[in-house]
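Take a look at the structure set out below.
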Amino acid sequence: MTTKRIRVLIAKPGLDGHDRGAKVLAYALRDAGMEVIYSGLHQTVPGIVKMAIEEDVDVIGLSIMSGAHIPISKKLMDLIRKEGLDRVTVVVGGVIPVKDIPVLKQIGVAGVFPGGTPFEDSIKFIKEDTSK
Amino acid sequence: MGVAKYIKDEKDRIQDVILQSGIHLKPLYTPADLKEIGFDYGKDLGDSGEYPFTRGIHKLGYRSREWTTRQYTGFGTPQETNQRFKLMISQGQTGLNVAFDLPTQMGYDSDDPMAEGEVGRVGMAVDSLRDFEIAFSDMALDKIGSGLTINAIASIILAMYQAVAEKYGFSKQEISATPQNDILKEIIGRGAWIFPLEPAVRLIGDVIEYSIKEMPRANPVSVCGFHIRQSGATPAQEIAYAILIANVYIDNVLERGYNIDEFVARFSFNLDIFGNLWEQVAKFRAARKLWARNIREKYGAKNDRSMFLRGIFGGGQGGLTKEQPENNIARSAYHALAAALSGAQTTALGSYDEAYTIPTPHSALISLRTLQILMDEVGLRDTVDPLAGSYFIETLTKQMEEKIVEEMVKIDKVGGMLDAISTGYIQKELVSQAYEYEKGIQSGELTKIGVNKYTGGEQGQVELHEYSDKSAIEQIKSLKELRRARNSKEVTRTLKALEKAAKDKVNVMPYLVDCCKAYATIGEMTNVFRDIFGEFVEPSIF
């Protein structure tokens, strides 16, 4: 039996240019057998959603280091719902204080991977959540 | 590549050490090692203040002058930043190092939709000269120098700095500004780029040329190996790429008809201090020597000052951890020791809470005190280049020099620095190394205390800087007031003149000063450039 490869869009929303973590995770997911699309820097939320539709992805991973993760994630989740992309798993990584994790989950983010999260945890989460 | 490797036997005895730059260390160094590398005091070191400046650019080092301390500072509104500046100065800090928020770094006004959620977050929000008037009020701008951490629009910010200085009665000849103004490292590693390579480098050249002619105390470019290292480069690559990037800027200015000795003494460097202590010290010593040789042999400089590699050796944030954050105070102290043993002219430290967010006044002061303790208590001012002559350090310095040269040759082979960036060659190299590094930490191959070893015990709570969107609301309100109050005819006139200069490839700096004085906004000035130059497109890294 062949399973469809999980398609992931790793996206850098907003103006933050620190993309080491995003690119490194992209490499790790690729090595775990996923198809990874990297958005490049300075993307708008509508641009990311458009890319997600065009690339027909299963997962959107937002990488945010600037501290603006809550407003950006909220904007993304609202637009995703509007576009009927509810099936897409949204995960957020970057500099995310522990106290913000429940806030992000409440907004609808499925998984939060603060910097330093082991690759295997992120990979396992994505595999499980997309097979639900 | 990846992490430094410690090969151990079953009894935890170290069998081999391989530094990140790929150098194997021996358990013992003796005079035979110096003989093997052909160590020659005069040729390899020279006294401090003498070519090739391996031991330092000043004869008396820290005896003649302590290092300048310049903690990276700025957040919220210009009022809030001004208060923090004053706090740091009152505590003995000797220079400013201004952090701008992301909308400012990317040339957007605070009310631009692209700026939403980011205003005042990672630095101070600046929209116009009015904000600089507040941020720099009551500052002796003829005495205190300011590092301006901005790159894509360094031209605009330096023009604004001149405008604010003149407004407060200081002439452009007496102010000392160090705009970071290094766009190539933004493209490789830090991400705050706007324009395509060619016009982006031209703007760097405009800032340098203007400084040569008009601002004798400005250091118009701070070439940053720092961010390249933070993005995954080895210490050897950090120096190799920084030198080659500096050469791109030098070539741009030479094409404008200047002589190397007229300007290159004003270049400074921003290099990272995180990593193996010995490798860092060797890196800085080798870097000074290679830079001096580059400037003398490749460019034919005659003046010693032109050959000085001087700069801020600092930061070290890449080595800090979120886990057990107070341990970062100790880590930063060792990073600072590396900077002091390496003869840094200027320094700054990552604060212990920086793995979370920008520093609180409390953590910023601990960093400042750490730097002051090194100078005033521990004895780092006693003598110049104290590690010189060590069998180990001299061998390592020579090996580091060879590794740096190897990395420079690799870039030449792919067509030079600009090609290596536009094709994504360097970006790919760095991300694959960052990936290996991360794997090395996660697997425990490289020990990080509190992360993958000794993880138990009290975790410790840190009090963090809290972002408030009140600052953003206030900033946007005052921007709107400014737009109503200013003379809009004068704004239009100065922006038109700027547009013409940008199109005609005339140096844009004087036109930017006029725009700033007319209270044109950062967004308006940047848009003039965006319309003419377009935007950079990232090469794929997969």
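Residue numbers start at 1 in each chain; chains themselves are named A, B, ... in the order of the structure tokens; ligands are numbered from 1 in the order shown.
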Could you build a table of the residues in chain A lying no more than 12 Å from chain B, giving for each the nearest pair of atoms and their separation in Å rounded to one decimal place, using only C-alpha atoms, ordered by chain and ascending residue number, as JSON lines?
```
{"residue": "A:Lys12", "atom": "CA", "partner": "B:Gly191", "partner_atom": "CA", "distance": 10.6}
{"residue": "A:Pro13", "atom": "CA", "partner": "B:Met114", "partner_atom": "CA", "distance": 9.9}
{"residue": "A:Gly14", "atom": "CA", "partner": "B:Met114", "partner_atom": "CA", "distance": 6.9}
{"residue": "A:Leu15", "atom": "CA", "partner": "B:Leu102", "partner_atom": "CA", "distance": 6.0}
{"residue": "A:Asp16", "atom": "CA", "partner": "B:Leu102", "partner_atom": "CA", "distance": 6.7}
{"residue": "A:Gly17", "atom": "CA", "partner": "B:Gly191", "partner_atom": "CA", "distance": 3.7}
{"residue": "A:His18", "atom": "CA", "partner": "B:Arg190", "partner_atom": "CA", "distance": 5.6}
{"residue": "A:Asp19", "atom": "CA", "partner": "B:Gly191", "partner_atom": "CA", "distance": 7.5}
{"residue": "A:Arg20", "atom": "CA", "partner": "B:Ser231", "partner_atom": "CA", "distance": 5.8}
{"residue": "A:Gly21", "atom": "CA", "partner": "B:Ala434", "partner_atom": "CA", "distance": 8.5}
{"residue": "A:Ala22", "atom": "CA", "partner": "B:Val431", "partner_atom": "CA", "distance": 9.7}
{"residue": "A:Lys23", "atom": "CA", "partner": "B:Val431", "partner_atom": "CA", "distance": 6.5}
{"residue": "A:Val24", "atom": "CA", "partner": "B:Tyr435", "partner_atom": "CA", "distance": 5.0}
{"residue": "A:Leu25", "atom": "CA", "partner": "B:Tyr435", "partner_atom": "CA", "distance": 7.9}
{"residue": "A:Ala26", "atom": "CA", "partner": "B:Phe542", "partner_atom": "CA", "distance": 9.3}
{"residue": "A:Tyr27", "atom": "CA", "partner": "B:Tyr435", "partner_atom": "CA", "distance": 7.1}
{"residue": "A:Ala28", "atom": "CA", "partner": "B:Tyr435", "partner_atom": "CA", "distance": 7.7}
{"residue": "A:Leu29", "atom": "CA", "partner": "B:Tyr435", "partner_atom": "CA", "distance": 11.3}
{"residue": "A:Arg30", "atom": "CA", "partner": "B:Phe542", "partner_atom": "CA", "distance": 9.9}
{"residue": "A:Asp31", "atom": "CA", "partner": "B:Tyr435", "partner_atom": "CA", "distance": 11.0}
{"residue": "A:Glu35", "atom": "CA", "partner": "B:Phe542", "partner_atom": "CA", "distance": 11.1}
{"residue": "A:Val36", "atom": "CA", "partner": "B:Phe542", "partner_atom": "CA", "distance": 9.2}
{"residue": "A:Ile37", "atom": "CA", "partner": "B:Phe542", "partner_atom": "CA", "distance": 8.9}
{"residue": "A:Tyr38", "atom": "CA", "partner": "B:Ser540", "partner_atom": "CA", "distance": 8.5}
{"residue": "A:Ser39", "atom": "CA", "partner": "B:Ser540", "partner_atom": "CA", "distance": 9.7}
{"residue": "A:Gly40", "atom": "CA", "partner": "B:Glu538", "partner_atom": "CA", "distance": 6.9}
{"residue": "A:Leu41", "atom": "CA", "partner": "B:Gly191", "partner_atom": "CA", "distance": 7.1}
{"residue": "A:His42", "atom": "CA", "partner": "B:Gly191", "partner_atom": "CA", "distance": 8.6}
{"residue": "A:Gln43", "atom": "CA", "partner": "B:Met114", "partner_atom": "CA", "distance": 9.3}
{"residue": "A:Thr44", "atom": "CA", "partner": "B:Met114", "partner_atom": "CA", "distance": 7.5}
{"residue": "A:Val45", "atom": "CA", "partner": "B:Met114", "partner_atom": "CA", "distance": 10.0}
{"residue": "A:Pro46", "atom": "CA", "partner": "B:Met114", "partner_atom": "CA", "distance": 11.6}
{"residue": "A:Ile64", "atom": "CA", "partner": "B:Glu118", "partner_atom": "CA", "distance": 11.3}
{"residue": "A:Met65", "atom": "CA", "partner": "B:Thr357", "partner_atom": "CA", "distance": 9.0}
{"residue": "A:Ser66", "atom": "CA", "partner": "B:Val122", "partner_atom": "CA", "distance": 6.5}
{"residue": "A:Gly67", "atom": "CA", "partner": "B:Arg121", "partner_atom": "CA", "distance": 7.2}
{"residue": "A:Ala68", "atom": "CA", "partner": "B:Gly117", "partner_atom": "CA", "distance": 5.7}
{"residue": "A:His69", "atom": "CA", "partner": "B:Gly117", "partner_atom": "CA", "distance": 8.7}
{"residue": "A:Ile70", "atom": "CA", "partner": "B:Gly117", "partner_atom": "CA", "distance": 8.8}
{"residue": "A:Pro71", "atom": "CA", "partner": "B:Gly117", "partner_atom": "CA", "distance": 6.3}
{"residue": "A:Ile72", "atom": "CA", "partner": "B:Gly117", "partner_atom": "CA", "distance": 7.5}
{"residue": "A:Ser73", "atom": "CA", "partner": "B:Gly117", "partner_atom": "CA", "distance": 11.0}
{"residue": "A:Lys74", "atom": "CA", "partner": "B:Gly117", "partner_atom": "CA", "distance": 11.2}
{"residue": "A:Lys75", "atom": "CA", "partner": "B:Glu116", "partner_atom": "CA", "distance": 10.7}
{"residue": "A:Gly94", "atom": "CA", "partner": "B:Tyr356", "partner_atom": "CA", "distance": 9.9}
{"residue": "A:Val95", "atom": "CA", "partner": "B:Tyr356", "partner_atom": "CA", "distance": 6.2}
{"residue": "A:Ile96", "atom": "CA", "partner": "B:Tyr356", "partner_atom": "CA", "distance": 7.6}
{"residue": "A:Pro97", "atom": "CA", "partner": "B:Tyr356", "partner_atom": "CA", "distance": 6.9}
{"residue": "A:Val98", "atom": "CA", "partner": "B:Tyr356", "partner_atom": "CA", "distance": 10.0}
{"residue": "A:Lys99", "atom": "CA", "partner": "B:Leu464", "partner_atom": "CA", "distance": 11.7}
{"residue": "A:Pro114", "atom": "CA", "partner": "B:Lys322", "partner_atom": "CA", "distance": 9.9}
{"residue": "A:Gly115", "atom": "CA", "partner": "B:Lys322", "partner_atom": "CA", "distance": 8.5}
{"residue": "A:Gly116", "atom": "CA", "partner": "B:Gln442", "partner_atom": "CA", "distance": 8.2}
{"residue": "A:Thr117", "atom": "CA", "partner": "B:Gln442", "partner_atom": "CA", "distance": 8.8}
{"residue": "A:Pro118", "atom": "CA", "partner": "B:Gln442", "partner_atom": "CA", "distance": 6.3}
{"residue": "A:Phe119", "atom": "CA", "partner": "B:Gln442", "partner_atom": "CA", "distance": 8.1}
{"residue": "A:Glu120", "atom": "CA", "partner": "B:Gln442", "partner_atom": "CA", "distance": 9.6}
{"residue": "A:Asp121", "atom": "CA", "partner": "B:Gln442", "partner_atom": "CA", "distance": 11.2}
```
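Residues within 6 Å of Phe274 of chain B, counting only C-alpha atoms and excluding same-chain residues fewer than 2 positions away, are Asp272, Gly316, Gly319 and His335 of chain B.
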Residue set, segment 389-452 of chain B restricted to alpha helix (DSSP H), as a ChimeraX atom specification: /B:391-413,417-422,425-442
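One finds atom CA of Lys410 of chain B at 23.9 Å from atom CA of Thr54 of chain B.
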For Arg70 of chain B, find every residue with an atom within 9 Å (counting only C-alpha atoms), except residues of its own chain fewer than 5 positions away, and show them as a ChimeraX atom specification. /B:93-97,146-147,312,346-349,368
Between atom CA of Ser478 of chain B and atom CA of Phe132 of chain B, measure the distance and give it in Å to one decimal. 13.0 Å
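The list of residues with at least one atom within 8 Å of Phe269 of chain B, based on only C-alpha atoms and without residues fewer than 5 positions apart in the same chain, reads Val221, Ser222, Val223, Cys224, Gly225, Leu309, Arg310, Gly311, Ile312 and Phe313 of chain B.
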Expected file: the selected residues, N, CA and C atoms, as an mmCIF file, in the first residue's frame:
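Resulting contents of selection_5.cif:
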```
data_model
loop_
_atom_site.group_PDB
_atom_site.id
_atom_site.type_symbol
_atom_site.label_atom_id
_atom_site.label_comp_id
_atom_site.auth_asym_id
_atom_site.auth_seq_id
_atom_site.Cartn_x
_atom_site.Cartn_y
_atom_site.Cartn_z
ATOM 1 N N VAL B 221 29.785 51.668 7.348
ATOM 2 C CA VAL B 221 29.334 50.289 7.143
ATOM 3 C C VAL B 221 29.908 49.411 8.250
ATOM 4 N N SER B 222 29.064 48.561 8.774
ATOM 5 C CA SER B 222 29.498 47.603 9.770
ATOM 6 C C SER B 222 29.249 46.222 9.160
ATOM 7 N N VAL B 223 30.319 45.622 8.682
ATOM 8 C CA VAL B 223 30.180 44.365 7.931
ATOM 9 C C VAL B 223 29.937 43.234 8.930
ATOM 10 N N CYS B 224 28.848 42.528 8.745
ATOM 11 C CA CYS B 224 28.400 41.608 9.779
ATOM 12 C C CYS B 224 28.655 40.149 9.447
ATOM 13 N N GLY B 225 29.700 39.613 10.025
ATOM 14 C CA GLY B 225 29.822 38.165 10.022
ATOM 15 C C GLY B 225 28.833 37.573 11.006
ATOM 16 N N LEU B 309 41.308 45.970 11.231
ATOM 17 C CA LEU B 309 40.003 45.335 11.406
ATOM 18 C C LEU B 309 39.542 45.721 12.801
ATOM 19 N N ARG B 310 38.562 46.615 12.850
ATOM 20 C CA ARG B 310 38.064 47.011 14.167
ATOM 21 C C ARG B 310 36.567 46.784 14.178
ATOM 22 N N GLY B 311 36.029 46.697 15.357
ATOM 23 C CA GLY B 311 34.589 46.520 15.352
ATOM 24 C C GLY B 311 34.001 46.080 16.658
ATOM 25 N N ILE B 312 32.746 45.715 16.535
ATOM 26 C CA ILE B 312 32.022 45.200 17.684
ATOM 27 C C ILE B 312 32.112 43.682 17.603
ATOM 28 N N PHE B 313 32.698 43.079 18.618
ATOM 29 C CA PHE B 313 32.695 41.624 18.726
ATOM 30 C C PHE B 313 31.730 41.350 19.879
#
```
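Between atom CA of Ala218 of chain B and atom CA of Ala177 of chain B lies a distance of 4.8 Å.
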Excluding Glu83 of chain A and residues on its chain fewer than 3 positions from it, collect all residues at most 12 Å away from it, counting only C-alpha atoms, and give them as a ChimeraX atom specification. /A:46,49-50,52-53,76-80,86-88
Output file for the residues above (N, CA and C atoms, as a PDB file, in the first residue's frame):
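The resulting file, result-v3.pdb, is shown below:
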```pdb
ATOM      1  N   PRO A  46      -2.932  36.534   3.435  1.00  0.00           N
ATOM      2  CA  PRO A  46      -3.664  36.111   2.223  1.00  0.00           C
ATOM      3  C   PRO A  46      -2.742  35.407   1.208  1.00  0.00           C
ATOM      4  N   VAL A  49      -2.270  31.814   2.356  1.00  0.00           N
ATOM      5  CA  VAL A  49      -3.460  30.989   2.131  1.00  0.00           C
ATOM      6  C   VAL A  49      -3.593  30.653   0.642  1.00  0.00           C
ATOM      7  N   LYS A  50      -3.301  31.619  -0.201  1.00  0.00           N
ATOM      8  CA  LYS A  50      -3.369  31.404  -1.653  1.00  0.00           C
ATOM      9  C   LYS A  50      -2.385  30.297  -2.052  1.00  0.00           C
ATOM     10  N   ALA A  52      -1.240  27.994  -0.145  1.00  0.00           N
ATOM     11  CA  ALA A  52      -1.699  26.711   0.419  1.00  0.00           C
ATOM     12  C   ALA A  52      -2.752  26.074  -0.488  1.00  0.00           C
ATOM     13  N   ILE A  53      -3.611  26.913  -1.060  1.00  0.00           N
ATOM     14  CA  ILE A  53      -4.649  26.389  -1.961  1.00  0.00           C
ATOM     15  C   ILE A  53      -4.004  25.885  -3.251  1.00  0.00           C
ATOM     16  N   LEU A  76      -4.718  34.275  10.109  1.00  0.00           N
ATOM     17  CA  LEU A  76      -4.625  33.110   9.228  1.00  0.00           C
ATOM     18  C   LEU A  76      -5.813  32.165   9.448  1.00  0.00           C
ATOM     19  N   MET A  77      -6.115  31.889  10.713  1.00  0.00           N
ATOM     20  CA  MET A  77      -7.197  30.952  10.997  1.00  0.00           C
ATOM     21  C   MET A  77      -8.533  31.490  10.476  1.00  0.00           C
ATOM     22  N   ASP A  78      -8.746  32.789  10.644  1.00  0.00           N
ATOM     23  CA  ASP A  78      -9.986  33.392  10.142  1.00  0.00           C
ATOM     24  C   ASP A  78     -10.104  33.192   8.633  1.00  0.00           C
ATOM     25  N   LEU A  79      -9.016  33.433   7.928  1.00  0.00           N
ATOM     26  CA  LEU A  79      -9.053  33.353   6.469  1.00  0.00           C
ATOM     27  C   LEU A  79      -9.198  31.898   6.001  1.00  0.00           C
ATOM     28  N   ILE A  80      -8.543  31.007   6.704  1.00  0.00           N
ATOM     29  CA  ILE A  80      -8.639  29.590   6.355  1.00  0.00           C
ATOM     30  C   ILE A  80     -10.078  29.107   6.454  1.00  0.00           C
ATOM     31  N   ASP A  86     -10.710  24.090   6.280  1.00  0.00           N
ATOM     32  CA  ASP A  86     -10.663  23.590   7.661  1.00  0.00           C
ATOM     33  C   ASP A  86      -9.877  22.294   7.802  1.00  0.00           C
ATOM     34  N   ARG A  87      -9.758  21.536   6.716  1.00  0.00           N
ATOM     35  CA  ARG A  87      -9.057  20.251   6.807  1.00  0.00           C
ATOM     36  C   ARG A  87      -7.534  20.442   6.978  1.00  0.00           C
ATOM     37  N   VAL A  88      -7.039  21.643   6.684  1.00  0.00           N
ATOM     38  CA  VAL A  88      -5.588  21.872   6.775  1.00  0.00           C
ATOM     39  C   VAL A  88      -5.159  21.986   8.239  1.00  0.00           C
TER      40      VAL A  88
END
```
Polymer residues at most 7 Å from segment 201-206 of chain B, only C-alpha atoms, same-chain spacing of 5 or more positions, as a PyMOL selection string: chain B and resi 155+181+249+252-253+507-509
Using the selection just defined, write its residues with N, CA and C atoms as a CSV table (one decimal), in the first residue's frame.
```csv
chain,number,residue,atom,x,y,z
B,155,SER,N,20.5,54.2,4.4
B,155,SER,CA,20.6,55.6,3.8
B,155,SER,C,19.6,56.5,4.4
B,181,ASN,N,24.2,49.1,7.7
B,181,ASN,CA,24.5,49.3,6.2
B,181,ASN,C,25.1,48.1,5.5
B,249,TYR,N,31.7,46.0,-1.3
B,249,TYR,CA,31.4,47.4,-1.0
B,249,TYR,C,32.6,48.3,-1.4
B,252,ASN,N,32.6,48.8,-5.1
B,252,ASN,CA,31.6,49.8,-5.4
B,252,ASN,C,32.1,51.2,-5.3
B,253,VAL,N,32.8,51.5,-4.1
B,253,VAL,CA,33.3,52.8,-3.9
B,253,VAL,C,34.5,53.2,-4.8
B,507,ASN,N,24.1,60.3,-6.1
B,507,ASN,CA,24.1,59.9,-4.7
B,507,ASN,C,22.8,60.5,-4.0
B,508,VAL,N,22.0,59.6,-3.4
B,508,VAL,CA,20.7,60.0,-2.9
B,508,VAL,C,20.8,60.7,-1.5
B,509,MET,N,21.9,60.6,-0.9
B,509,MET,CA,22.0,61.1,0.5
B,509,MET,C,21.5,62.5,0.8
```
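Within 10 Å of Ser131 of chain A, once only C-alpha atoms are used and residues closer than 5 positions along the same chain are dropped, the contacting residues are Ile6, Asp58 and Ile126 of chain A.
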Considering only strand (DSSP E) as DSSP defines it on the backbone, what residues of segment 141-306 of chain B qualify? List them as number ranges by chain. B: 145-149, 177-179, 221-224, 267-272
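Restricting the calculation to only C-alpha atoms, the smallest distance between Pro31 of chain B and any of B:Ile393, B:Ala501, B:Leu418, B:Leu244 is found for B:Ile393.
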